[in-house]
>>> print(open('protein10.txt').read())   # compact mmCIF, C-alpha atoms and all ligand atoms
# COMPACT_ATOMS: atom_id res chain seq x y z
CA MET A 956 8.83 -12.94 -8.45
CA ALA A 957 7.21 -10.06 -10.32
CA HIS A 958 4.06 -8.77 -8.64
CA LEU A 959 1.64 -5.87 -8.72
CA PHE A 960 1.23 -5.17 -5.01
CA ASN A 961 0.24 -1.55 -4.37
CA ARG A 962 -0.21 -0.92 -8.10
CA ASN A 963 -3.32 0.53 -9.67
CA VAL A 964 -4.08 -1.19 -12.94
CA LEU A 965 -6.69 0.33 -15.21
CA LEU A 966 -7.90 -2.36 -17.60
CA GLY A 967 -9.37 -1.13 -20.88
CA VAL A 968 -11.53 -3.71 -22.61
CA SER A 969 -12.51 -3.18 -26.25
CA GLY A 970 -14.97 -5.07 -28.41
CA GLY A 971 -13.54 -8.35 -29.62
CA ILE A 972 -14.46 -11.95 -28.93
CA ALA A 973 -11.44 -12.15 -26.59
CA ALA A 974 -13.28 -9.72 -24.26
CA TYR A 975 -14.62 -12.78 -22.44
CA LYS A 976 -11.03 -13.47 -21.30
CA SER A 977 -10.84 -10.06 -19.62
CA ALA A 978 -12.68 -11.57 -16.63
CA GLU A 979 -9.70 -13.88 -16.17
CA VAL A 980 -7.30 -10.97 -16.67
CA VAL A 981 -9.00 -9.05 -13.83
CA ARG A 982 -8.75 -12.07 -11.54
CA GLN A 983 -5.10 -12.72 -12.28
CA LEU A 984 -4.14 -9.06 -11.90
CA GLN A 985 -5.73 -9.16 -8.47
CA GLU A 986 -3.88 -12.34 -7.62
CA LEU A 987 -0.65 -10.52 -8.40
CA GLY A 988 -1.72 -7.88 -5.87
CA ALA A 989 -3.09 -5.10 -8.10
CA ASP A 990 -6.02 -2.79 -7.44
CA VAL A 991 -8.03 -3.06 -10.64
CA ARG A 992 -10.54 -0.74 -12.26
CA VAL A 993 -12.13 -1.41 -15.62
CA ILE A 994 -13.12 0.76 -18.59
CA MET A 995 -15.26 -0.90 -21.26
CA THR A 996 -15.90 0.43 -24.74
CA ARG A 997 -19.37 0.23 -26.25
CA GLY A 998 -18.19 -2.74 -28.39
CA ALA A 999 -16.83 -4.62 -25.38
CA ARG A 1000 -20.25 -4.49 -23.75
CA GLU A 1001 -21.65 -6.49 -26.67
CA PHE A 1002 -19.39 -9.40 -25.65
CA ILE A 1003 -19.34 -9.29 -21.85
CA THR A 1004 -21.48 -7.42 -19.35
CA PRO A 1005 -20.09 -4.65 -17.14
CA LEU A 1006 -21.70 -6.47 -14.22
CA THR A 1007 -19.31 -9.42 -14.60
CA LEU A 1008 -16.24 -7.20 -14.48
CA GLN A 1009 -17.75 -5.06 -11.72
CA ALA A 1010 -18.35 -8.14 -9.58
CA LEU A 1011 -14.80 -9.35 -10.14
CA SER A 1012 -13.04 -6.01 -9.68
CA GLY A 1013 -15.31 -4.93 -6.82
CA LYS A 1014 -15.49 -1.45 -8.40
CA PRO A 1015 -18.00 0.19 -10.71
CA VAL A 1016 -17.05 -0.29 -14.35
CA HIS A 1017 -16.47 2.93 -16.29
CA THR A 1018 -18.15 3.15 -19.67
CA GLU A 1019 -19.09 6.70 -20.68
CA LEU A 1020 -17.08 9.84 -21.19
CA LEU A 1021 -19.97 12.23 -20.83
CA ASP A 1022 -21.76 10.66 -17.89
CA GLU A 1023 -22.38 13.19 -15.16
CA ASP A 1024 -22.78 10.60 -12.38
CA ALA A 1025 -19.63 8.74 -13.34
CA GLU A 1026 -17.65 11.97 -13.61
CA GLN A 1027 -18.74 12.86 -10.10
CA GLY A 1028 -17.53 9.46 -8.82
CA MET A 1029 -14.17 9.27 -10.55
CA GLY A 1030 -13.86 11.49 -13.60
CA HIS A 1031 -11.77 10.63 -16.66
CA ILE A 1032 -8.81 12.78 -15.61
CA GLU A 1033 -8.87 11.32 -12.10
CA LEU A 1034 -8.97 7.80 -13.58
CA ALA A 1035 -6.06 8.64 -15.85
CA ARG A 1036 -4.05 9.91 -12.86
CA TRP A 1037 -5.10 6.99 -10.64
CA ALA A 1038 -3.58 4.40 -12.97
CA ASP A 1039 -0.03 3.15 -12.51
CA LEU A 1040 -0.61 1.13 -15.67
CA LEU A 1041 -3.19 1.24 -18.45
CA LEU A 1042 -3.61 -2.29 -19.78
CA LEU A 1043 -5.61 -2.64 -22.98
CA ALA A 1044 -6.78 -6.23 -23.29
CA PRO A 1045 -8.18 -7.09 -25.70
CA ALA A 1046 -7.14 -4.26 -28.00
CA THR A 1047 -8.99 -4.46 -31.30
CA ALA A 1048 -7.70 -3.19 -34.66
CA ASP A 1049 -10.13 -0.30 -34.31
CA LEU A 1050 -8.85 0.66 -30.84
CA MET A 1051 -5.26 0.54 -32.13
CA ALA A 1052 -6.23 2.77 -35.07
CA ARG A 1053 -7.95 5.29 -32.81
CA LEU A 1054 -4.97 5.34 -30.44
CA ALA A 1055 -2.52 5.75 -33.31
CA ALA A 1056 -4.57 8.67 -34.60
CA GLY A 1057 -4.57 10.24 -31.13
CA ARG A 1058 -8.36 10.33 -31.02
CA ALA A 1059 -10.34 10.96 -27.88
CA ASP A 1060 -13.76 9.86 -29.06
CA ASP A 1061 -14.72 7.69 -26.10
CA LEU A 1062 -13.71 7.25 -22.45
CA LEU A 1063 -10.96 4.69 -23.12
CA THR A 1064 -9.10 6.66 -25.82
CA THR A 1065 -9.49 9.87 -23.81
CA VAL A 1066 -7.97 8.24 -20.73
CA ALA A 1067 -5.17 6.77 -22.89
CA LEU A 1068 -4.27 10.31 -23.97
CA ALA A 1069 -4.64 11.77 -20.50
CA THR A 1070 -2.68 9.21 -18.51
CA PRO A 1071 0.98 9.65 -17.61
CA ALA A 1072 1.09 5.90 -16.83
CA PRO A 1073 2.73 3.34 -19.11
CA ILE A 1074 0.40 1.58 -21.54
CA LEU A 1075 0.50 -2.14 -22.31
CA LEU A 1076 -1.59 -3.39 -25.19
CA ALA A 1077 -2.70 -6.95 -25.99
CA PRO A 1078 -3.87 -7.01 -29.61
CA ALA A 1079 -6.71 -9.34 -30.53
CA MET A 1080 -8.12 -9.62 -34.03
CA ASN A 1081 -8.48 -11.79 -37.10
CA GLN A 1082 -5.11 -12.80 -38.58
CA GLN A 1083 -5.76 -10.94 -41.85
CA MET A 1084 -6.64 -7.78 -39.94
CA TRP A 1085 -3.40 -8.09 -37.94
CA ARG A 1086 -1.41 -8.53 -41.16
CA ASP A 1087 -3.09 -5.58 -42.88
CA PRO A 1088 -0.58 -2.77 -43.62
CA ALA A 1089 -2.83 -0.28 -41.80
CA THR A 1090 -2.68 -2.30 -38.59
CA ILE A 1091 1.05 -2.91 -39.00
CA THR A 1092 1.65 0.83 -39.36
CA ASN A 1093 -0.58 1.58 -36.36
CA ALA A 1094 1.25 -0.97 -34.23
CA GLU A 1095 4.61 0.53 -35.24
CA THR A 1096 3.40 4.03 -34.43
CA LEU A 1097 2.19 2.96 -30.99
CA VAL A 1098 5.45 1.13 -30.21
CA GLN A 1099 7.46 4.19 -31.30
CA ARG A 1100 5.46 6.26 -28.83
CA GLY A 1101 6.49 3.93 -26.02
CA ILE A 1102 3.40 1.74 -25.83
CA LYS A 1103 4.34 -1.89 -25.12
CA LEU A 1104 2.72 -4.79 -26.92
CA VAL A 1105 2.15 -8.27 -25.54
CA GLY A 1106 1.21 -10.75 -28.25
CA PRO A 1107 -0.70 -11.42 -30.32
CA ALA A 1108 -0.37 -15.20 -30.16
CA GLU A 1109 -0.67 -17.52 -33.11
CA GLY A 1110 -3.11 -20.35 -33.59
CA GLN A 1111 -6.71 -21.27 -34.21
CA GLN A 1112 -8.98 -18.21 -34.18
CA ALA A 1113 -12.61 -17.86 -33.16
CA CYS A 1114 -13.50 -17.16 -36.83
CA GLY A 1115 -11.92 -20.45 -37.96
CA ASP A 1116 -8.73 -18.88 -39.39
CA VAL A 1117 -5.29 -19.94 -38.25
CA GLY A 1118 -2.49 -17.41 -37.77
CA PRO A 1119 -1.29 -14.50 -35.62
CA GLY A 1120 -3.94 -12.32 -33.96
CA ARG A 1121 -5.25 -14.25 -30.97
CA MET A 1122 -5.06 -12.39 -27.70
CA GLU A 1123 -2.25 -13.72 -25.51
CA GLN A 1124 -3.25 -15.89 -22.55
CA PRO A 1125 -4.22 -13.91 -19.42
CA GLU A 1126 -1.22 -15.27 -17.47
CA VAL A 1127 1.19 -14.05 -20.18
CA ILE A 1128 -0.48 -10.61 -20.24
CA CYS A 1129 -0.46 -10.28 -16.45
CA ALA A 1130 3.18 -11.40 -16.21
CA ALA A 1131 4.09 -8.79 -18.84
CA ALA A 1132 2.20 -6.17 -16.79
CA ALA A 1133 4.04 -7.13 -13.58
CA GLY A 1134 7.35 -7.20 -15.47
CA LEU A 1135 7.00 -3.48 -16.24
CA PHE A 1136 7.54 -2.61 -12.58
CA GLN A 1137 10.55 -3.09 -10.40
CA SER A 1138 9.63 -5.25 -7.46
CA GLY A 1139 10.70 -3.61 -4.22
CA LYS A 1140 12.74 -5.15 -1.44
CA LEU A 1141 9.57 -6.06 0.46
CA ALA A 1142 7.62 -7.42 -2.50
CA GLY A 1143 4.54 -9.18 -1.19
CA LYS A 1144 5.71 -9.09 2.46
CA ARG A 1145 3.10 -8.21 5.06
CA VAL A 1146 4.11 -5.33 7.30
CA VAL A 1147 2.24 -4.00 10.34
CA ILE A 1148 3.20 -0.61 11.76
CA THR A 1149 1.89 1.04 14.92
CA ALA A 1150 1.84 4.84 14.87
CA GLY A 1151 0.79 7.94 16.76
CA PRO A 1152 -0.07 8.38 20.42
CA THR A 1153 -2.61 6.49 22.47
CA ARG A 1154 -5.30 8.15 24.57
CA GLU A 1155 -6.08 6.80 28.01
CA ALA A 1156 -9.49 7.94 29.19
CA LEU A 1157 -10.02 9.55 32.60
CA ASP A 1158 -13.69 10.24 32.12
CA PRO A 1159 -15.97 10.69 29.07
CA VAL A 1160 -14.29 13.99 28.10
CA ARG A 1161 -10.68 13.78 29.30
CA TYR A 1162 -7.69 11.62 28.59
CA ILE A 1163 -3.95 11.26 29.15
CA SER A 1164 -1.85 11.30 25.98
CA ASN A 1165 1.40 12.61 24.51
CA HIS A 1166 2.68 14.84 21.68
CA SER A 1167 3.32 12.14 19.10
CA SER A 1168 2.15 13.36 15.66
CA GLY A 1169 2.28 9.93 13.97
CA LYS A 1170 4.40 11.40 11.14
CA MET A 1171 7.22 8.87 11.50
CA GLY A 1172 4.88 5.87 11.50
CA TYR A 1173 2.87 7.16 8.53
CA ALA A 1174 6.10 7.89 6.61
CA LEU A 1175 7.24 4.33 7.36
CA ALA A 1176 3.94 2.97 6.03
CA GLU A 1177 4.40 4.95 2.82
CA ALA A 1178 7.98 3.69 2.46
CA ALA A 1179 6.86 0.09 3.09
CA VAL A 1180 4.26 0.42 0.30
CA ALA A 1181 6.93 1.83 -2.02
CA ALA A 1182 9.04 -1.24 -1.23
CA GLY A 1183 6.15 -3.48 -2.32
CA ALA A 1184 4.81 -4.49 1.11
CA ARG A 1185 1.19 -5.12 1.95
CA THR A 1186 0.98 -2.61 4.74
CA THR A 1187 -1.34 -2.17 7.71
CA LEU A 1188 -1.15 0.83 10.02
CA VAL A 1189 -2.55 0.53 13.51
CA SER A 1190 -2.88 4.16 14.38
CA GLY A 1191 -3.73 6.17 17.45
CA PRO A 1192 -5.56 9.49 16.93
CA VAL A 1193 -3.57 11.72 14.55
CA ASN A 1194 -4.23 14.42 12.00
CA LEU A 1195 -2.77 12.73 8.96
CA ASP A 1196 -4.15 11.26 5.75
CA VAL A 1197 -3.73 7.52 5.38
CA PRO A 1198 -1.18 6.92 2.58
CA GLU A 1199 -2.42 5.22 -0.58
CA HIS A 1200 -2.55 1.40 -0.50
CA VAL A 1201 -2.25 1.34 3.29
CA HIS A 1202 -4.92 -0.45 5.28
CA CYS A 1203 -5.47 1.58 8.45
CA LEU A 1204 -7.02 0.48 11.73
CA LYS A 1205 -7.80 3.43 13.99
CA VAL A 1206 -7.54 2.90 17.73
CA GLU A 1207 -7.63 5.03 20.88
CA SER A 1208 -6.04 3.35 23.88
CA ALA A 1209 -3.04 1.04 24.37
CA SER A 1210 -5.40 -1.86 25.06
CA ASP A 1211 -7.27 -1.14 21.80
CA MET A 1212 -3.94 -1.07 19.97
CA LEU A 1213 -2.93 -4.44 21.40
CA ASP A 1214 -6.34 -5.92 20.52
CA ALA A 1215 -6.00 -4.63 16.96
CA CYS A 1216 -2.42 -5.93 16.52
CA LEU A 1217 -2.61 -9.47 17.88
CA PRO A 1218 -5.08 -10.86 15.29
CA LEU A 1219 -2.83 -9.49 12.50
CA LEU A 1220 0.20 -11.53 13.56
CA PRO A 1221 -0.55 -14.84 11.78
CA ASP A 1222 -0.36 -12.82 8.54
CA CYS A 1223 2.54 -10.56 9.41
CA ASP A 1224 6.18 -10.85 8.34
CA ILE A 1225 7.49 -7.63 9.84
CA PHE A 1226 6.12 -5.65 12.80
CA ILE A 1227 7.34 -2.11 13.41
CA ALA A 1228 6.30 -0.49 16.69
CA CYS A 1229 6.52 3.23 16.08
CA ALA A 1230 3.60 4.29 18.29
CA ALA A 1231 4.20 6.36 21.40
CA VAL A 1232 2.11 4.10 23.59
CA ALA A 1233 1.10 5.48 26.98
CA ASP A 1234 2.87 3.36 29.59
CA TYR A 1235 0.12 3.92 32.17
CA ARG A 1236 -3.63 4.44 32.17
CA PRO A 1237 -5.99 5.63 34.88
CA ALA A 1238 -6.89 2.75 37.17
CA GLU A 1239 -10.53 3.69 36.85
CA VAL A 1240 -12.38 5.47 34.07
CA GLN A 1241 -15.09 7.61 35.64
CA PRO A 1242 -18.46 7.03 33.97
CA ASP A 1243 -19.38 10.72 34.36
CA LYS A 1244 -17.36 13.88 33.92
CA ILE A 1245 -15.21 14.53 36.98
CA LYS A 1246 -16.58 17.69 38.64
CA LYS A 1247 -14.37 20.42 40.02
CA GLY A 1248 -14.46 20.38 43.83
CA ALA A 1249 -11.54 19.36 45.97
CA GLU A 1250 -8.33 21.45 45.89
CA GLU A 1251 -6.34 18.33 45.14
CA ILE A 1252 -7.16 15.02 43.56
CA ASN A 1253 -5.00 11.96 43.14
CA LEU A 1254 -4.86 9.93 39.99
CA ARG A 1255 -4.00 6.29 40.37
CA LEU A 1256 -2.39 4.88 37.23
CA VAL A 1257 -1.81 1.27 36.27
CA ARG A 1258 0.63 -0.21 33.76
CA ASN A 1259 -0.51 -0.68 30.18
CA PRO A 1260 0.35 -3.82 28.25
CA ASP A 1261 3.60 -3.56 26.31
CA ILE A 1262 2.49 -4.13 22.73
CA VAL A 1263 5.81 -4.75 21.03
CA SER A 1264 6.91 -7.16 23.80
CA ALA A 1265 3.66 -9.08 23.39
CA VAL A 1266 4.25 -9.29 19.64
CA ALA A 1267 7.85 -10.47 20.10
CA ALA A 1268 6.66 -13.14 22.54
CA SER A 1269 3.81 -14.33 20.35
CA GLU A 1270 3.77 -17.77 18.75
CA TYR A 1271 3.55 -16.04 15.35
CA ARG A 1272 6.55 -13.83 16.10
CA PRO A 1273 7.31 -11.66 13.05
CA PHE A 1274 10.61 -9.85 12.51
CA THR A 1275 10.07 -7.28 15.25
CA VAL A 1276 11.34 -3.71 15.27
CA GLY A 1277 10.91 -1.17 18.06
CA PHE A 1278 11.70 2.49 18.57
CA ALA A 1279 13.49 3.88 21.60
CA ALA A 1280 12.77 7.47 22.51
CA GLU A 1281 15.36 8.53 25.07
CA THR A 1282 16.58 11.76 26.62
CA ARG A 1283 20.02 10.47 27.72
CA ASP A 1284 22.40 7.51 27.31
CA LEU A 1285 20.64 6.87 24.02
CA LEU A 1286 22.44 3.79 22.74
CA THR A 1287 22.85 2.08 26.12
CA TYR A 1288 19.14 2.41 26.94
CA ALA A 1289 18.16 1.45 23.39
CA ARG A 1290 20.25 -1.75 23.43
CA ASP A 1291 18.83 -2.63 26.81
CA LYS A 1292 15.28 -2.06 25.48
CA MET A 1293 15.97 -4.23 22.43
CA ARG A 1294 17.07 -7.10 24.70
CA ARG A 1295 14.31 -6.67 27.32
CA LYS A 1296 11.55 -6.55 24.70
CA GLY A 1297 12.98 -9.40 22.62
CA LEU A 1298 13.33 -7.29 19.46
CA ASP A 1299 15.36 -7.95 16.32
CA MET A 1300 16.07 -4.30 15.75
CA ILE A 1301 15.56 -0.95 17.45
CA VAL A 1302 15.55 2.57 16.08
CA ALA A 1303 16.97 4.93 18.71
CA ASN A 1304 16.22 8.62 18.74
CA ASP A 1305 17.10 11.36 21.18
CA VAL A 1306 13.89 13.18 22.06
CA SER A 1307 15.63 15.77 24.23
CA ARG A 1308 16.99 17.62 21.19
CA GLN A 1309 15.22 20.59 19.60
CA GLY A 1310 13.95 20.28 16.01
CA ILE A 1311 13.98 16.48 15.78
CA GLY A 1312 11.73 13.70 16.97
CA PHE A 1313 8.35 14.32 18.57
CA ASN A 1314 6.01 16.50 16.54
CA SER A 1315 8.71 17.85 14.22
CA GLU A 1316 9.38 17.31 10.51
CA ASP A 1317 12.91 15.95 10.94
CA ASN A 1318 14.53 13.17 12.87
CA GLU A 1319 17.98 11.70 13.41
CA VAL A 1320 18.27 8.09 14.47
CA THR A 1321 20.59 5.17 15.02
CA ILE A 1322 19.46 1.72 13.95
CA LEU A 1323 20.69 -1.05 16.23
CA SER A 1324 20.45 -4.76 15.63
CA HIS A 1325 22.18 -7.57 17.49
CA HIS A 1326 25.13 -7.41 15.14
CA ALA A 1327 25.15 -3.94 13.61
CA GLU A 1328 24.83 -0.23 14.29
CA GLN A 1329 23.92 2.31 11.62
CA ALA A 1330 23.70 6.06 12.35
CA LEU A 1331 21.40 7.97 10.00
CA PRO A 1332 22.08 11.72 9.96
CA ARG A 1333 19.36 14.32 10.41
CA ALA A 1334 16.85 14.24 7.56
CA SER A 1335 13.13 14.59 6.92
CA LYS A 1336 11.01 11.81 8.36
CA THR A 1337 10.13 10.76 4.80
CA THR A 1338 13.79 10.32 3.85
CA LEU A 1339 14.59 8.51 7.08
CA ALA A 1340 11.55 6.26 6.68
CA GLY A 1341 12.93 5.05 3.33
CA GLN A 1342 16.33 4.35 4.89
CA ILE A 1343 14.81 2.56 7.90
CA ILE A 1344 12.58 0.38 5.69
CA ASP A 1345 15.62 -0.44 3.56
CA ALA A 1346 17.60 -1.51 6.63
CA VAL A 1347 14.65 -3.48 8.05
CA ALA A 1348 14.11 -5.24 4.70
CA SER A 1349 17.79 -6.24 4.42
CA ALA A 1350 17.92 -7.54 8.00
CA ALA A 1351 14.56 -9.34 7.80
CA VAL A 1352 15.54 -11.09 4.57
CA ARG A 1353 18.92 -12.03 6.07
CA ASP A 1354 17.17 -13.47 9.11
CA THR A 1355 14.74 -15.49 6.99
CA ASP A 1356 17.62 -16.87 4.90
CA ALA A 1357 19.56 -17.75 8.08
CA GLY A 1358 16.46 -19.52 9.41
CA LEU A 1359 16.26 -21.64 6.27
CA SER A 1360 19.89 -22.72 6.18
N1 LIG B 1401 5.90 0.20 23.23
C1 LIG B 1401 4.81 -0.64 23.10
N2 LIG B 1401 3.90 -0.72 24.11
C2 LIG B 1401 4.04 0.04 25.22
C3 LIG B 1401 5.15 0.89 25.34
C4 LIG B 1401 6.05 0.96 24.32
O1 LIG B 1401 4.68 -1.32 22.08
N3 LIG B 1401 3.15 -0.05 26.18
C5 LIG B 1401 6.89 0.21 22.15
C6 LIG B 1401 7.03 1.52 21.42
O2 LIG B 1401 6.15 1.57 20.30
C7 LIG B 1401 8.49 1.50 21.01
C8 LIG B 1401 9.16 0.74 22.13
O3 LIG B 1401 8.14 -0.01 22.76
O4 LIG B 1401 8.68 0.76 19.84
C9 LIG B 1401 9.86 1.58 23.14
O5 LIG B 1401 9.03 2.60 23.60
P1 LIG B 1401 9.53 3.62 24.68
O6 LIG B 1401 8.45 4.55 25.07
O7 LIG B 1401 10.85 4.23 24.24
O8 LIG B 1401 9.92 2.62 25.85
P2 LIG B 1401 9.16 2.15 27.11
O9 LIG B 1401 9.00 0.69 27.07
O10 LIG B 1401 7.94 2.94 27.32
O11 LIG B 1401 10.24 2.45 28.23
P3 LIG B 1401 10.60 3.82 28.98
O12 LIG B 1401 9.38 4.69 28.86
O13 LIG B 1401 10.90 3.38 30.35
O14 LIG B 1401 11.79 4.37 28.28
>>> encode(input="protein10.txt", output="structure tokens")
Amino acid sequence: MAHLFNRNVLLGVSGGIAAYKSAEVVRQLQELGADVRVIMTRGAREFITPLTLQALSGKPVHTELLDEDAEQGMGHIELARWADLLLLAPATADLMARLAAGRADDLLTTVALATPAPILLAPAMNQQMWRDPATITNAETLVQRGIKLVGPAEGQQACGDVGPGRMEQPEVICAAAAGLFQSGKLAGKRVVITAGPTREALDPVRYISNHSSGKMGYALAEAAVAAGARTTLVSGPVNLDVPEHVHCLKVESASDMLDACLPLLPDCDIFIACAAVADYRPAEVQPDKIKKGAEEINLRLVRNPDIVSAVAASEYRPFTVGFAAETRDLLTYARDKMRRKGLDMIVANDVSRQGIGFNSEDNEVTILSHHAEQALPRASKTTLAGQIIDAVASAAVRDTDAGLS
């Protein structure tokens, strides 16, 4: 089904009686998964208050072009770039005329000129205004420029007339909006990915950790979003920006990571364990900084919980994917790990080789499942992430179908 997960929809509301329906448009866009921001023209604010649309969208409503405060928050160019779609609903005859003339005389028309995003327009006006040659010409001009129209519908109008000009129903408009995008292989699926290293405290200033950069896990999160998934990253400490549309939970230790992951499982379809979790932690964390003294000290370490095994054993078991970082006998150890941990799939990579794996830009992996083996040649982590997500999506869907039959 068409959806708008991970899509930014900028809704432009202009001043017609149908503006009251824009509240419903906001709600339905959100139901389809979109992040929604709203621009209102001066006329629109005569019909519905910005507060209503602000409360529904959860974001401040944008109204003025030359408002210093608003420009500091999210300026018109930023808004134009933010949008994956500019939806104009309702679009009055006046708005269509201003767009056709290429004017930039308020925030909405300026953003319409400045956005590289597709524009979908839902006309709403009196039937005679819609039939007027000026409006017909404007509509033709806009369509020729690539703007898509949804509606208008025919029927009884607010002014008492009957004919074409009514704004289409919100569900028709939102379906048309969703139909403009290809839905990815993971449309609407909920994916949780662990990433980065963990830190196991020794005392308030020291910890045991590893060289994991988190790049592979973050690239996977980005690829999952591109495939339409609702994506959560559970991340150890790394120096990376959280990709757009990814919900990120930051954790420190392996125990924190487990505590963050388990509550996510009832709402998780696919779990990908990409984190380099420390297998052991100090048996005791000293409350004060350990002072230099003895020539030798012993550290006693205890086993950490195995997060991916716990996930695979959970009553909410999602399709579970692990990584195997090995320095020798790569495929044998990886297969063994897949079986021991109860995984559906494992991504094996040889961490003994220079230039790939830990802390580098590239990787080279083999994806193993119980019935298939797929070697992916050396490539950037971003490229590989796309290929891994593709393989995971195909296998997870196959598994779900098998479960149903
Ligand atoms: N993993 C985990 N929790 C741990 C250890 C590992 O969830 N405490 C996950 C990793 O995220 C990875 C997989 O298990 O997906 C395999 O990790 P790896 O370090 O290769 O394996 P280990 O179980 O630690 O085994 P070994 O170190 O003996 O190779």
>>> atom_distance(input="protein10.txt", atom1="CA of Ser969 in chain A", atom2="CA of Ala1132 in chain A")
17.7 Å
>>> closest_residue(input="protein10.txt", among="A:Ala1280, A:Leu965, A:Leu1097, A:Ala1179", to="Arg1036 in chain A", atoms="all atoms listed in the file")
A:Leu965
>>> residues_around(input="protein10.txt", residues="Asp1222 in chain A", least_positions_apart="3", cutoff="12 Å", atoms="all atoms listed in the file", output="list of chain:residue names")
A:Gly1143, A:Lys1144, A:Arg1145, A:Val1146, A:Val1147, A:Arg1185, A:Thr1186, A:Thr1187, A:Cys1216, A:Leu1217, A:Pro1218, A:Leu1219, A:Ile1225, A:Phe1226, A:Tyr1271, A:Arg1272, A:Pro1273
>>> closest_residue(input="protein10.txt", among="A:Val964, A:Asp1196, A:Ala1133, A:Gln1082", to="Leu987 in chain A", atoms="only C-alpha atoms")
A:Ala1133
>>> residues_around(input="protein10.txt", residues="range 1300-1307 of chain A", least_positions_apart="6", cutoff="6 Å", atoms="only C-alpha atoms", output="PDB file with C-alpha atoms, in the frame of the given file")
ATOM      1  CA  VAL A1276      11.340  -3.710  15.270  1.00  0.00           C
ATOM      2  CA  GLY A1277      10.910  -1.170  18.060  1.00  0.00           C
ATOM      3  CA  PHE A1278      11.700   2.490  18.570  1.00  0.00           C
ATOM      4  CA  ALA A1279      13.490   3.880  21.600  1.00  0.00           C
ATOM      5  CA  ALA A1280      12.770   7.470  22.510  1.00  0.00           C
ATOM      6  CA  GLU A1281      15.360   8.530  25.070  1.00  0.00           C
ATOM      7  CA  THR A1282      16.580  11.760  26.620  1.00  0.00           C
ATOM      8  CA  ALA A1289      18.160   1.450  23.390  1.00  0.00           C
ATOM      9  CA  MET A1293      15.970  -4.230  22.430  1.00  0.00           C
ATOM     10  CA  VAL A1320      18.270   8.090  14.470  1.00  0.00           C
ATOM     11  CA  THR A1321      20.590   5.170  15.020  1.00  0.00           C
ATOM     12  CA  ILE A1322      19.460   1.720  13.950  1.00  0.00           C
ATOM     13  CA  LEU A1323      20.690  -1.050  16.230  1.00  0.00           C
ATOM     14  CA  SER A1324      20.450  -4.760  15.630  1.00  0.00           C
TER      15      SER A1324
END
>>> atom_distance(input="protein10.txt", atom1="CA of Asp1087 in chain A", atom2="CA of Ala1048 in chain A")
9.7 Å
>>> atom_distance(input="protein10.txt", atom1="CA of Val1105 in chain A", atom2="CA of Ala1077 in chain A")
5.0 Å
>>> residues_near_ligand(input="protein10.txt", ligand="ligand LIG 1401 (chain B)", cutoff="7 Å", atoms="only C-alpha atoms and all ligand atoms", output="list of chain:residue names")
A:Thr1149, A:Ala1209, A:Ala1228, A:Cys1229, A:Ala1230, A:Ala1231, A:Val1232, A:Ala1233, A:Asp1234, A:Asn1259, A:Pro1260, A:Asp1261, A:Ile1262, A:Val1263, A:Ser1264, A:Val1276, A:Gly1277, A:Phe1278, A:Ala1279, A:Ala1280, A:Glu1281, A:Lys1292
>>> closest_residue(input="protein10.txt", among="A:Val1189, A:Val968, A:Asn1165, A:Leu1157", to="Asp1243 in chain A", atoms="only C-alpha atoms")
A:Leu1157
>>> closest_residue(input="protein10.txt", among="A:Tyr1235, A:Ala1174, A:Pro1071, A:Lys1246", to="Asn1318 in chain A", atoms="all atoms listed in the file")
A:Ala1174
>>> closest_atom_pairs(input="protein10.txt", of="range 1056-1150 of chain A", to="range 1343-1353 of chain A", cutoff="10 Å", atoms="all atoms listed in the file", output="Markdown table")
| residue | atom | partner | partner_atom | distance |
| --- | --- | --- | --- | --- |
| A:Gly1139 | CA | A:Ala1348 | CA | 9.7 |
| A:Lys1140 | CA | A:Ala1348 | CA | 6.3 |
| A:Leu1141 | CA | A:Ala1348 | CA | 6.3 |
| A:Ala1142 | CA | A:Ala1348 | CA | 9.9 |
| A:Lys1144 | CA | A:Ala1348 | CA | 9.5 |
>>> residues_around(input="protein10.txt", residues="Met1029 in chain A", least_positions_apart="5", cutoff="9 Å", atoms="all atoms listed in the file", output="MDAnalysis selection string")
chainID A and resid 1017 1024 1034
>>> closest_residue(input="protein10.txt", among="A:Leu1188, A:Val1066, A:Ile1128, A:Ala1108", to="Val981 in chain A", atoms="all atoms listed in the file")
A:Ile1128
>>> closest_residue(input="protein10.txt", among="A:Thr1018, A:Gln1112, A:Thr1090, A:Thr1096", to="Leu1062 in chain A", atoms="only C-alpha atoms")
A:Thr1018
>>> residues_around(input="protein10.txt", residues="Glu1270 in chain A", least_positions_apart="2", cutoff="9 Å", atoms="only C-alpha atoms", output="number ranges by chain")
A: 1220-1221, 1266-1268, 1272
>>> residues_around(input="protein10.txt", residues="range 1135-1137 of chain A", least_positions_apart="3", cutoff="8 Å", atoms="all atoms listed in the file", output="list in words")
Ala957, Leu959, Ala1131 and Ala1132 of chain A
>>> write_last_selection(input="protein10.txt", atoms="C-alpha atoms", output="mmCIF file, in the coordinates of the input")
data_model
loop_
_atom_site.group_PDB
_atom_site.id
_atom_site.type_symbol
_atom_site.label_atom_id
_atom_site.label_comp_id
_atom_site.auth_asym_id
_atom_site.auth_seq_id
_atom_site.Cartn_x
_atom_site.Cartn_y
_atom_site.Cartn_z
ATOM 1 C CA ALA A 957 7.210 -10.060 -10.320
ATOM 2 C CA LEU A 959 1.640 -5.870 -8.720
ATOM 3 C CA ALA A 1131 4.090 -8.790 -18.840
ATOM 4 C CA ALA A 1132 2.200 -6.170 -16.790
#
